[in-house]
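The structure file coords-v2.cif is reproduced below (mmCIF, C-alpha atoms).
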```cif
data_target
loop_
_atom_site.label_atom_id
_atom_site.label_comp_id
_atom_site.auth_asym_id
_atom_site.auth_seq_id
_atom_site.Cartn_x
_atom_site.Cartn_y
_atom_site.Cartn_z
CA MET Y 1216 20.12 -48.55 -4.19
CA THR Y 1217 23.85 -49.21 -4.14
CA GLN Y 1218 26.77 -47.28 -5.51
CA ASN Y 1219 26.99 -49.89 -8.29
CA GLN Y 1220 23.31 -49.45 -9.12
CA ARG Y 1221 22.72 -45.77 -8.63
CA TRP Y 1222 19.30 -44.37 -9.44
CA THR Y 1223 19.26 -41.73 -12.19
CA ALA Y 1224 16.66 -39.35 -13.57
CA ASP Y 1225 16.17 -41.74 -16.48
CA GLN Y 1226 14.46 -44.07 -14.01
CA ILE Y 1227 11.72 -41.57 -13.13
CA PRO Y 1228 8.41 -43.24 -14.02
CA ASP Y 1229 6.05 -41.63 -16.51
CA GLN Y 1230 4.60 -38.51 -14.88
CA ALA Y 1231 1.95 -37.68 -17.48
CA LYS Y 1232 -1.19 -36.08 -16.00
CA ARG Y 1233 0.58 -35.40 -12.70
CA VAL Y 1234 0.85 -31.86 -11.35
CA PHE Y 1235 3.90 -30.64 -9.40
CA VAL Y 1236 4.73 -27.39 -7.64
CA VAL Y 1237 8.46 -26.74 -7.34
CA THR Y 1238 9.49 -23.71 -5.30
CA GLY Y 1239 12.63 -21.89 -6.38
CA ALA Y 1240 12.33 -23.51 -9.81
CA ASN Y 1241 14.20 -20.90 -11.86
CA SER Y 1242 17.74 -22.02 -11.00
CA GLY Y 1243 19.92 -24.62 -9.31
CA LEU Y 1244 18.20 -27.63 -7.78
CA GLY Y 1245 14.75 -26.32 -8.60
CA LEU Y 1246 15.56 -25.90 -12.27
CA GLY Y 1247 17.17 -29.34 -12.39
CA THR Y 1248 14.11 -30.85 -10.74
CA THR Y 1249 11.71 -29.07 -13.08
CA ARG Y 1250 13.64 -30.07 -16.19
CA ALA Y 1251 13.74 -33.75 -15.18
CA LEU Y 1252 10.02 -33.84 -14.33
CA ALA Y 1253 9.05 -32.09 -17.57
CA ARG Y 1254 10.99 -34.67 -19.56
CA LYS Y 1255 8.79 -37.35 -18.00
CA GLY Y 1256 5.56 -35.59 -18.94
CA ALA Y 1257 4.68 -33.82 -15.69
CA ARG Y 1258 2.92 -30.48 -15.57
CA VAL Y 1259 5.24 -28.37 -13.43
CA ILE Y 1260 4.31 -25.08 -11.78
CA LEU Y 1261 7.46 -23.00 -11.33
CA ALA Y 1262 6.91 -21.09 -8.10
CA VAL Y 1263 9.43 -18.25 -8.25
CA ARG Y 1264 10.04 -14.91 -6.58
CA ASP Y 1265 11.24 -13.29 -9.83
CA GLU Y 1266 8.79 -14.03 -12.64
CA ALA Y 1267 11.16 -12.80 -15.35
CA LYS Y 1268 13.76 -15.34 -14.24
CA GLY Y 1269 11.04 -17.98 -14.06
CA HIS Y 1270 9.99 -17.32 -17.65
CA ARG Y 1271 13.61 -17.48 -18.81
CA ALA Y 1272 13.99 -20.84 -17.07
CA ALA Y 1273 10.78 -22.12 -18.65
CA ALA Y 1274 11.96 -20.95 -22.08
CA GLU Y 1275 15.25 -22.76 -21.55
CA ILE Y 1276 13.39 -26.01 -20.88
CA THR Y 1277 10.91 -25.63 -23.73
CA ALA Y 1278 13.75 -24.92 -26.14
CA GLU Y 1279 14.99 -28.44 -25.33
CA GLN Y 1280 11.52 -29.96 -25.02
CA PRO Y 1281 8.83 -28.04 -26.92
CA ASP Y 1282 5.97 -30.07 -25.45
CA ALA Y 1283 6.93 -29.35 -21.82
CA ALA Y 1284 3.90 -28.40 -19.71
CA LEU Y 1285 5.07 -25.51 -17.56
CA GLU Y 1286 3.44 -22.66 -15.66
CA VAL Y 1287 5.30 -19.75 -14.07
CA ARG Y 1288 3.75 -18.20 -10.98
CA ARG Y 1289 5.07 -15.66 -8.51
CA LEU Y 1290 5.77 -16.81 -4.96
CA ASP Y 1291 7.80 -14.92 -2.39
CA LEU Y 1292 8.14 -17.40 0.45
CA ALA Y 1293 9.44 -14.72 2.80
CA ASP Y 1294 6.13 -12.84 2.49
CA LEU Y 1295 3.15 -14.73 3.91
CA ASP Y 1296 0.74 -12.52 1.93
CA SER Y 1297 2.44 -13.74 -1.26
CA VAL Y 1298 2.16 -17.35 -0.07
CA ARG Y 1299 -1.58 -16.95 0.47
CA ALA Y 1300 -2.06 -15.24 -2.89
CA PHE Y 1301 -0.17 -18.03 -4.67
CA ALA Y 1302 -2.19 -20.73 -2.91
CA ASP Y 1303 -5.51 -18.99 -3.61
CA GLN Y 1304 -4.75 -18.67 -7.32
CA LEU Y 1305 -3.52 -22.25 -7.58
CA ARG Y 1306 -6.67 -23.52 -5.89
CA ALA Y 1307 -8.77 -21.50 -8.34
CA ASP Y 1308 -6.98 -22.99 -11.37
CA HIS Y 1309 -6.22 -26.59 -10.35
CA PRO Y 1310 -8.61 -29.11 -8.78
CA ARG Y 1311 -5.73 -31.16 -7.38
CA LEU Y 1312 -2.00 -31.21 -6.75
CA ASP Y 1313 0.07 -34.39 -6.81
CA VAL Y 1314 3.46 -33.32 -5.46
CA LEU Y 1315 4.78 -30.24 -3.66
CA VAL Y 1316 8.56 -29.88 -3.67
CA ASN Y 1317 9.57 -27.40 -0.95
CA ASN Y 1318 12.93 -26.59 -2.53
CA ALA Y 1319 13.56 -22.83 -2.44
CA GLY Y 1320 15.87 -21.29 0.11
CA VAL Y 1321 18.21 -18.50 1.06
CA MET Y 1322 21.58 -19.00 2.73
CA ALA Y 1323 23.59 -16.91 5.20
CA PRO Y 1324 22.62 -13.32 4.34
CA PRO Y 1325 23.28 -10.40 6.66
CA ARG Y 1326 20.54 -10.20 9.26
CA SER Y 1327 17.30 -8.95 7.77
CA LEU Y 1328 13.60 -9.38 8.45
CA SER Y 1329 10.71 -10.57 6.31
CA ALA Y 1330 7.61 -8.55 5.49
CA GLN Y 1331 5.99 -9.92 8.65
CA GLY Y 1332 9.07 -9.23 10.81
CA HIS Y 1333 10.63 -12.70 10.99
CA GLU Y 1334 14.31 -13.48 10.45
CA LEU Y 1335 14.67 -13.90 6.70
CA GLN Y 1336 16.11 -17.42 6.54
CA PHE Y 1337 13.57 -18.83 9.00
CA ALA Y 1338 10.80 -16.99 7.16
CA CYS Y 1339 11.76 -18.14 3.66
CA ASN Y 1340 13.16 -21.60 4.29
CA HIS Y 1341 10.69 -22.75 6.93
CA LEU Y 1342 7.67 -20.55 7.62
CA GLY Y 1343 6.84 -19.94 3.96
CA HIS Y 1344 6.98 -23.65 3.17
CA PHE Y 1345 5.01 -24.53 6.31
CA ALA Y 1346 2.25 -22.12 5.29
CA LEU Y 1347 2.29 -23.20 1.65
CA THR Y 1348 1.96 -26.86 2.58
CA GLY Y 1349 -0.94 -26.19 4.91
CA LEU Y 1350 -2.77 -24.05 2.37
CA LEU Y 1351 -2.39 -26.68 -0.36
CA LEU Y 1352 -2.93 -29.82 1.71
CA ASP Y 1353 -6.51 -30.35 0.59
CA LEU Y 1354 -5.42 -30.19 -3.07
CA LEU Y 1355 -2.75 -32.76 -2.28
CA THR Y 1356 -5.27 -35.00 -0.56
CA ASP Y 1357 -7.11 -35.23 -3.88
CA GLY Y 1358 -3.87 -35.96 -5.75
CA ASN Y 1359 -2.51 -39.09 -7.39
CA ASP Y 1360 0.12 -40.66 -5.10
CA PRO Y 1361 0.45 -37.30 -3.31
CA ARG Y 1362 3.68 -36.27 -1.65
CA VAL Y 1363 5.32 -33.33 0.08
CA VAL Y 1364 9.09 -33.29 -0.35
CA THR Y 1365 10.87 -30.83 1.92
CA VAL Y 1366 14.49 -30.09 1.09
CA SER Y 1367 16.78 -29.81 4.11
CA SER Y 1368 20.58 -29.99 4.34
CA THR Y 1369 23.33 -31.89 6.12
CA ASN Y 1370 23.65 -28.62 8.06
CA HIS Y 1371 20.46 -29.50 9.93
CA ARG Y 1372 22.64 -31.73 12.10
CA GLN Y 1373 24.41 -28.62 13.46
CA GLY Y 1374 21.17 -26.72 13.99
CA HIS Y 1375 18.44 -26.26 16.54
CA VAL Y 1376 15.62 -23.77 17.01
CA TYR Y 1377 16.46 -20.70 19.10
CA PHE Y 1378 13.00 -20.41 20.62
CA ASP Y 1379 14.17 -17.61 22.92
CA ASP Y 1380 15.78 -15.56 20.11
CA LEU Y 1381 14.05 -16.75 16.95
CA SER Y 1382 14.79 -13.64 14.92
CA GLY Y 1383 18.40 -13.21 16.03
CA GLU Y 1384 17.70 -9.90 17.68
CA ARG Y 1385 20.10 -10.58 20.56
CA THR Y 1386 22.76 -12.49 18.66
CA TYR Y 1387 22.93 -13.31 14.97
CA SER Y 1388 25.27 -15.46 12.94
CA PRO Y 1389 24.42 -15.98 9.23
CA MET Y 1390 25.41 -19.66 9.19
CA ARG Y 1391 24.01 -20.43 12.64
CA PHE Y 1392 20.60 -19.14 11.58
CA TYR Y 1393 20.87 -20.93 8.23
CA ASN Y 1394 21.42 -24.11 10.23
CA GLN Y 1395 18.37 -23.24 12.33
CA SER Y 1396 16.22 -22.97 9.20
CA LYS Y 1397 17.47 -26.27 7.79
CA PHE Y 1398 16.90 -27.96 11.15
CA ALA Y 1399 13.37 -26.54 11.09
CA ASN Y 1400 12.87 -28.08 7.63
CA ALA Y 1401 13.82 -31.50 8.99
CA VAL Y 1402 11.65 -31.11 12.10
CA PHE Y 1403 8.71 -30.04 9.92
CA GLY Y 1404 9.11 -33.00 7.56
CA TRP Y 1405 9.07 -35.41 10.50
CA GLU Y 1406 6.16 -33.78 12.30
CA LEU Y 1407 4.15 -33.58 9.10
CA HIS Y 1408 4.76 -37.30 8.59
CA ARG Y 1409 3.54 -38.08 12.12
CA ARG Y 1410 0.38 -36.00 11.69
CA LEU Y 1411 -0.42 -37.35 8.23
CA THR Y 1412 0.01 -40.89 9.54
CA ALA Y 1413 -2.21 -40.27 12.55
CA ALA Y 1414 -4.86 -38.79 10.26
CA ASP Y 1415 -4.64 -41.82 7.96
CA SER Y 1416 -3.91 -39.46 5.08
CA SER Y 1417 -2.85 -40.63 1.63
CA VAL Y 1418 -0.27 -37.80 1.49
CA ARG Y 1419 3.32 -38.77 2.20
CA SER Y 1420 5.87 -36.43 3.80
CA LEU Y 1421 9.48 -36.99 2.78
CA LEU Y 1422 12.75 -35.20 3.37
CA ALA Y 1423 15.65 -34.82 0.97
CA HIS Y 1424 19.00 -33.08 0.87
CA PRO Y 1425 21.34 -32.48 -2.08
CA GLY Y 1426 24.70 -32.97 -0.41
CA TYR Y 1427 27.21 -30.35 -1.48
CA THR Y 1428 25.95 -28.96 -4.76
CA SER Y 1429 27.05 -25.91 -6.71
CA THR Y 1430 24.12 -23.48 -6.92
CA ASN Y 1431 23.67 -19.75 -6.52
CA LEU Y 1432 22.50 -20.42 -2.96
CA GLN Y 1433 26.14 -20.21 -1.84
CA THR Y 1434 26.86 -16.96 -3.66
CA SER Y 1435 23.70 -14.87 -4.02
CA ALA Y 1436 23.12 -14.02 -0.35
CA PRO Y 1437 26.26 -14.81 1.73
CA VAL Y 1438 28.87 -12.14 2.35
CA GLY Y 1439 32.43 -12.09 3.66
CA MET Y 1440 34.23 -15.33 4.42
CA VAL Y 1441 31.10 -17.45 4.01
CA LYS Y 1442 30.86 -16.35 0.39
CA VAL Y 1443 34.57 -16.90 -0.16
CA LEU Y 1444 34.44 -20.35 1.44
CA PHE Y 1445 31.47 -21.67 -0.49
CA GLY Y 1446 31.78 -19.60 -3.63
CA ARG Y 1447 35.50 -20.12 -4.27
CA ILE Y 1448 37.47 -22.39 -1.95
CA LEU Y 1449 35.03 -25.31 -1.80
CA ALA Y 1450 33.39 -24.78 -5.20
CA PRO Y 1451 35.59 -27.33 -7.06
CA LEU Y 1452 34.37 -30.06 -4.67
CA ALA Y 1453 30.68 -29.45 -5.38
CA GLN Y 1454 28.60 -31.65 -7.65
CA PRO Y 1455 26.44 -30.06 -10.40
CA PRO Y 1456 22.75 -29.30 -9.79
CA VAL Y 1457 21.64 -32.09 -12.14
CA GLN Y 1458 23.24 -34.54 -9.70
CA GLY Y 1459 22.25 -32.70 -6.54
CA ALA Y 1460 18.58 -32.76 -7.58
CA LEU Y 1461 18.44 -36.55 -7.68
CA PRO Y 1462 17.53 -37.12 -3.99
CA GLN Y 1463 14.49 -34.85 -4.18
CA LEU Y 1464 13.49 -36.31 -7.56
CA TYR Y 1465 13.72 -39.81 -6.11
CA ALA Y 1466 11.65 -38.76 -3.09
CA ALA Y 1467 9.07 -37.14 -5.38
CA THR Y 1468 8.65 -39.93 -7.92
CA ALA Y 1469 10.05 -43.35 -6.93
CA PRO Y 1470 7.18 -45.77 -6.24
CA GLU Y 1471 9.03 -47.52 -3.41
CA VAL Y 1472 9.64 -44.55 -1.12
CA LYS Y 1473 7.68 -44.38 2.12
CA GLY Y 1474 6.49 -41.48 4.18
CA GLY Y 1475 9.01 -40.37 6.80
CA GLU Y 1476 12.06 -41.32 4.74
CA PHE Y 1477 15.02 -38.97 4.28
CA ILE Y 1478 16.82 -39.21 0.93
CA GLY Y 1479 20.36 -37.93 0.38
CA PRO Y 1480 23.55 -38.75 -1.56
CA ASP Y 1481 25.28 -42.08 -0.97
CA GLY Y 1482 28.86 -40.80 -1.14
CA PHE Y 1483 31.37 -39.83 1.55
CA ALA Y 1484 29.74 -37.79 4.32
CA GLU Y 1485 26.62 -37.55 2.12
CA LEU Y 1486 28.32 -34.80 0.12
CA ARG Y 1487 27.71 -36.26 -3.33
CA GLY Y 1488 26.55 -39.37 -5.15
CA GLY Y 1489 23.32 -41.15 -6.02
CA PRO Y 1490 20.19 -41.06 -3.86
CA THR Y 1491 19.88 -43.33 -0.87
CA ARG Y 1492 18.07 -43.38 2.45
CA VAL Y 1493 19.90 -41.40 5.13
CA GLN Y 1494 19.27 -40.52 8.76
CA SER Y 1495 18.27 -37.18 10.20
CA SER Y 1496 19.62 -36.05 13.52
CA THR Y 1497 17.91 -37.50 16.57
CA ALA Y 1498 16.97 -33.99 17.66
CA ALA Y 1499 15.14 -33.29 14.38
CA ALA Y 1500 12.99 -36.39 14.83
CA ASP Y 1501 12.05 -35.59 18.45
CA PRO Y 1502 8.24 -35.46 18.74
CA GLU Y 1503 8.24 -32.78 21.44
CA THR Y 1504 10.43 -30.49 19.33
CA GLY Y 1505 8.12 -31.19 16.41
CA ARG Y 1506 5.02 -30.29 18.40
CA ARG Y 1507 6.57 -27.11 19.76
CA LEU Y 1508 7.80 -25.91 16.36
CA TRP Y 1509 4.48 -26.81 14.73
CA GLU Y 1510 2.44 -24.81 17.22
CA LEU Y 1511 4.82 -21.86 16.94
CA SER Y 1512 4.65 -22.00 13.15
CA GLU Y 1513 0.84 -21.99 13.27
CA GLN Y 1514 0.95 -18.88 15.43
CA LEU Y 1515 3.48 -17.06 13.25
CA THR Y 1516 1.78 -17.90 9.93
CA ASP Y 1517 -1.87 -18.06 11.04
CA VAL Y 1518 -2.17 -21.26 9.00
CA ARG Y 1519 -3.90 -24.30 10.47
CA PHE Y 1520 -3.66 -27.64 8.71
CA PRO Y 1521 -6.95 -29.47 8.07
CA PHE Y 1522 -6.21 -32.29 10.50
CA PRO Y 1523 -8.65 -33.74 13.06
CA ALA Y 1524 -9.14 -31.57 16.13
CA THR Y 1525 -7.32 -34.11 18.32
CA PHE Y 1526 -3.98 -32.44 17.49
#
```

Can the structure in the file be given as structure tokens, please?
Amino acid sequence: MTQNQRWTADQIPDQAKRVFVVTGANSGLGLGTTRALARKGARVILAVRDEAKGHRAAAEITAEQPDAALEVRRLDLADLDSVRAFADQLRADHPRLDVLVNNAGVMAPPRSLSAQGHELQFACNHLGHFALTGLLLDLLTDGNDPRVVTVSSTNHRQGHVYFDDLSGERTYSPMRFYNQSKFANAVFGWELHRRLTAADSSVRSLLAHPGYTSTNLQTSAPVGMVKVLFGRILAPLAQPPVQGALPQLYAATAPEVKGGEFIGPDGFAELRGGPTRVQSSTAAADPETGRRLWELSEQLTDVRFPFPATF
């Protein structure tokens, strides 16, 4: 992929008979991803915290494409009970899953805790997706060209995991803990790839990031100067969600992608442009960090992936 031959959503192969779960599908990148997949014949399960908003999003798509195959299901990633309920119902209704797009997220809110007492951004952006992936992995194993696409951010390069203050009880900064959650996404994508590879699994783990894209992520949760910066000052520089969704769409559907690849925009500083392969930070790819975060995530979610007991 070059800037003169940029991949577009028109190049998505036929997705008929394939089943996708897209978290946070009612707006922004999730809505853009769902719309593009539906146009190519995929059955898309919109996993959303607010079902009313999910149904409005589905109606918006079906107004453009009456034959779109869409399901709206409630999923609150910050509540592990909701994650389990979603996974149980999905398993009851679908014999397989082809692609899971771990897209949903929250950005830079005032410090708050999840239903299980975890810092909200870490809970929603990382722990919820970790648990969801583990609970659906057997459905993915039975899928057609199965993939897990975890959406991170360029901000992961400024992040690390505060293992000694994971919930920000001693010191909390909205953006610092957002960076922690996006770093955790990247670490998870890498560690999942290593474990899938070692288990000789057919499932591929990929990472993607949207560059700088205008969504309600920058305005729905942040307060103060963070909201002013992203919601007003930098807003004119942002690309639209239809463009920002391309890296995760490419990771989810392009035949040539390989497990362990990170897809982001090809423009200046990876802020915008067409999808291309990019590099994560060295720290995010560190196997020891991956092992430590994985084991911690298992403890905090009480979810164990169905891998061989050697791990």

Target residues per the PyMOL selection byres ((chain Y and resi 1520) around 8), formatted as a list in words = Gly1349, Leu1350, Leu1352, Val1518, Arg1519, Pro1521 and Phe1522 of chain Y

Output file for the selection above: C-alpha atoms, as a JSON list (two decimals), in the coordinates of the input:
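Output saved as selection11.json:
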```
[["chain", "number", "residue", "atom", "x", "y", "z"],
["Y", 1349, "GLY", "CA", -0.94, -26.19, 4.91],
["Y", 1350, "LEU", "CA", -2.77, -24.05, 2.37],
["Y", 1352, "LEU", "CA", -2.93, -29.82, 1.71],
["Y", 1518, "VAL", "CA", -2.17, -21.26, 9.00],
["Y", 1519, "ARG", "CA", -3.90, -24.30, 10.47],
["Y", 1521, "PRO", "CA", -6.95, -29.47, 8.07],
["Y", 1522, "PHE", "CA", -6.21, -32.29, 10.50]]
```

Extract, using only C-alpha atoms, all DNA, RNA and protein residues at most 7 Å from Gly1404 (chain Y), discarding same-chain residues fewer than 3 positions from it, and format them as a VMD selection string.
-> chain Y and resid 1365 1400 to 1401 1407 to 1408 1420 to 1422

For region 1301-1306 of chain Y: contacts at 12 Å, only C-alpha atoms, fewer than 5 positions along chain excluded, given as JSON, numbers by chain | {"Y": [1234, 1235, 1236, 1238, 1260, 1261, 1262, 1263, 1264, 1286, 1287, 1288, 1289, 1290, 1291, 1292, 1294, 1295, 1296, 1311, 1312, 1315, 1343, 1344, 1346, 1347, 1348, 1349, 1350, 1351, 1352, 1353, 1354, 1355, 1357, 1518]}

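CA of Phe1345 (chain Y) is found 17.7 Å from CA of Ala1240 (chain Y).
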
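In this structure, CA of Gln1336 (chain Y) sits 17.6 Å away from CA of Gly1245 (chain Y).
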
Could you give me, as a short mmCIF file (atom, residue, chain, number, x, y, z; two decimals) with C-alpha atoms, in the coordinates of the input, the residues within 10 Å of Phe1477 (chain Y), counting all atoms listed in the file and dropping anything in the same chain fewer than 4 positions from it?
```
data_model
loop_
_atom_site.label_atom_id
_atom_site.label_comp_id
_atom_site.auth_asym_id
_atom_site.auth_seq_id
_atom_site.Cartn_x
_atom_site.Cartn_y
_atom_site.Cartn_z
CA VAL Y 1364 9.09 -33.29 -0.35
CA THR Y 1365 10.87 -30.83 1.92
CA VAL Y 1366 14.49 -30.09 1.09
CA SER Y 1367 16.78 -29.81 4.11
CA ALA Y 1401 13.82 -31.50 8.99
CA GLY Y 1404 9.11 -33.00 7.56
CA TRP Y 1405 9.07 -35.41 10.50
CA SER Y 1420 5.87 -36.43 3.80
CA LEU Y 1421 9.48 -36.99 2.78
CA LEU Y 1422 12.75 -35.20 3.37
CA ALA Y 1423 15.65 -34.82 0.97
CA HIS Y 1424 19.00 -33.08 0.87
CA PRO Y 1462 17.53 -37.12 -3.99
CA GLN Y 1463 14.49 -34.85 -4.18
CA ALA Y 1466 11.65 -38.76 -3.09
CA VAL Y 1472 9.64 -44.55 -1.12
CA LYS Y 1473 7.68 -44.38 2.12
CA PRO Y 1490 20.19 -41.06 -3.86
CA THR Y 1491 19.88 -43.33 -0.87
CA ARG Y 1492 18.07 -43.38 2.45
CA VAL Y 1493 19.90 -41.40 5.13
CA GLN Y 1494 19.27 -40.52 8.76
CA SER Y 1495 18.27 -37.18 10.20
#
```

Atom pair CA of Gln1280 (chain Y) / CA of Ile1478 (chain Y): separation (Å) |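 Taking CA of Gln1280 (chain Y) and CA of Ile1478 (chain Y), their separation equals 28.1 Å.
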
Identify all residues satisfying the PyMOL selection byres ((chain Y and resi 1361) around 6) in the given file; provide them as an NGL selection string.
-> :Y and (1313-1314 or 1355 or 1358-1360 or 1362 or 1418)

Could you name the residues that touch Val1457 (chain Y) at 9 Å or less, counting all atoms listed in the file, but leaving out those on the same chain fewer than 5 positions away, as a VMD selection string?
-> chain Y and resid 1224 1243 to 1244 1246 to 1248 1251

Would you export the selected residues with C-alpha atoms as a PDB file, in the coordinates of the input, please?
```
ATOM      1  CA  ALA Y1224      16.660 -39.350 -13.570  1.00  0.00           C
ATOM      2  CA  GLY Y1243      19.920 -24.620  -9.310  1.00  0.00           C
ATOM      3  CA  LEU Y1244      18.200 -27.630  -7.780  1.00  0.00           C
ATOM      4  CA  LEU Y1246      15.560 -25.900 -12.270  1.00  0.00           C
ATOM      5  CA  GLY Y1247      17.170 -29.340 -12.390  1.00  0.00           C
ATOM      6  CA  THR Y1248      14.110 -30.850 -10.740  1.00  0.00           C
ATOM      7  CA  ALA Y1251      13.740 -33.750 -15.180  1.00  0.00           C
TER       8      ALA Y1251
END
```

Closest to Pro1228 (chain Y) among Y:Leu1252, Y:Ala1274, Y:Met1322, Y:Ala1283, using all atoms listed in the file?
-> Y:Leu1252

Centre and edge lengths, as JSON, for the axis-aligned box enclosing every listed atom of region 1466-1471 of chain Y with 8 Å of padding on each of the six sides, in Å to one decimal?
```
{"center_x": 9.4, "center_y": -42.3, "center_z": -5.5, "size_x": 20.5, "size_y": 26.4, "size_z": 20.8}
```

Up to 9 Å from (16.4, -40.9, -19.3) in the file's coordinates: name the residues, counting only C-alpha atoms, as a PyMOL selection string.
-> chain Y and resi 1223-1227+1251+1254-1255

Excluding Pro1502 (chain Y) and residues on its chain fewer than 5 positions from it, collect all residues at most 9 Å away from it, counting all atoms listed in the file, and give them as a list in words.
-> Val1402, Trp1405, Glu1406, Arg1409 and Arg1507 of chain Y

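Among Y:Glu1476, Y:Ser1242, Y:Gly1256, Y:Thr1356, the residue with the shortest atom-to-atom distance to His1270 (chain Y), counting only C-alpha atoms, is Y:Ser1242.
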
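When only C-alpha atoms are used to compute distances to Leu1381 (chain Y), the closest of the residues Y:Ala1253, Y:Ala1278, Y:Val1316, Y:Leu1342 turns out to be Y:Leu1342.
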
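Between His1341 (chain Y) and the candidates Y:Ala1413, Y:Ala1399, Y:Val1363, Y:Met1390, the tightest atom-to-atom separation, counting all atoms listed in the file, involves Y:Ala1399.
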